Amino acid sequence: MGNSMQAKLKLFLLALFFSFPVMAVDSVQVVGLFPGKVVLVIDGQQFIIKQGETAGGVRFIRPMANDVILEINGQRSNYKMGMAVSLDFKKSSVKTKTLYADKRGMFQTTGSINGYPIRFLVDTGATTVAMSAVQAKKLNINYRLNGKVTSTQTASGIAKAYLVKLKSVKVGDIAQSNVLAAVIDGAYPTDVLLGMSFLNQLKVEKTGNAMVLKSR
């Protein structure tokens, strides 16, 4: 391969490299500064970057008196010599779970209550998470001892129920603690209803046959 072809290939590969999306940076440290260049340790790997260029997800904007201006994850800031910086702002704390309607148009999902695996039926008409006494016993919830006696309207009429606080309710990566729930005497509902005491803490978006739960 001729020198001209090799040069063109190098330029092509270089352009291709810089055209890929830059991965988010976890940490950066300025370890050296020379005329027109900066030496950085990015996520444990050392780079020498010229002013105006990008490497390892970091763009060297310009030097200052005692620090440098870098652009990282789309944000420009001053970074002092020798200081190691952890970049937490890049990480999103929003967790999502996407559900799809079944043939009946109902949204079901698996999750857990107090660490016990369970299947939920999403019910935006239910004030709280709701379950039968049969299910509560399987989940080791001592509702008679710890619950507050109340009543609730069911398809069969008024039923005795117990209000309890669940230590944890989890769906996908979305977890909540101290969630209000109702335990209804008897064997109904057959599914644990994922009601508004859980859903109210989320952003719920429904499009067609998909429902997206997002933590706030």
# chains A, B, ... in the order shown; residues from 1 in each chain; ligands from 1

call {"tool": "select_by_dssp", "arguments": {"residues": "chain A", "states": "alpha helix (DSSP H)", "output": "number ranges by chain"}}
result
A: 3-19, 133-138, 143-146, 196-199

call {"tool": "closest_residue", "arguments": {"among": "A:Phe34, A:Asn146, A:Lys97, A:Gln46", "to": "Val68 (chain A)", "atoms": "only C-alpha atoms"}}
result
A:Phe34

call {"tool": "closest_residue", "arguments": {"among": "A:Lys95, A:Arg119, A:Arg59, A:Arg76", "to": "Leu194 (chain A)", "atoms": "only C-alpha atoms"}}
result
A:Arg119

call {"tool": "residues_around", "arguments": {"residues": "region 105-118 of chain A", "least_positions_apart": "6", "cutoff": "6 Å", "atoms": "only C-alpha atoms", "output": "PyMOL selection string"}}
result
chain A and resi 167-171

call {"tool": "select_by_dssp", "arguments": {"residues": "chain A", "states": "strand (DSSP E or B)", "output": "ChimeraX atom specification"}}
result
/A:27-34,37-42,45-50,54-55,58-63,67-72,75-81,84-86,96-101,107-113,116-122,129-132,148-154,157-171,174-184,192-194,202-207,210-215

call {"tool": "atom_distance", "arguments": {"atom1": "CA of Leu121 (chain A)", "atom2": "CA of Asn178 (chain A)"}}
result
19.5 Å

call {"tool": "atom_distance", "arguments": {"atom1": "CA of Tyr143 (chain A)", "atom2": "CA of Lys165 (chain A)"}}
result
9.3 Å
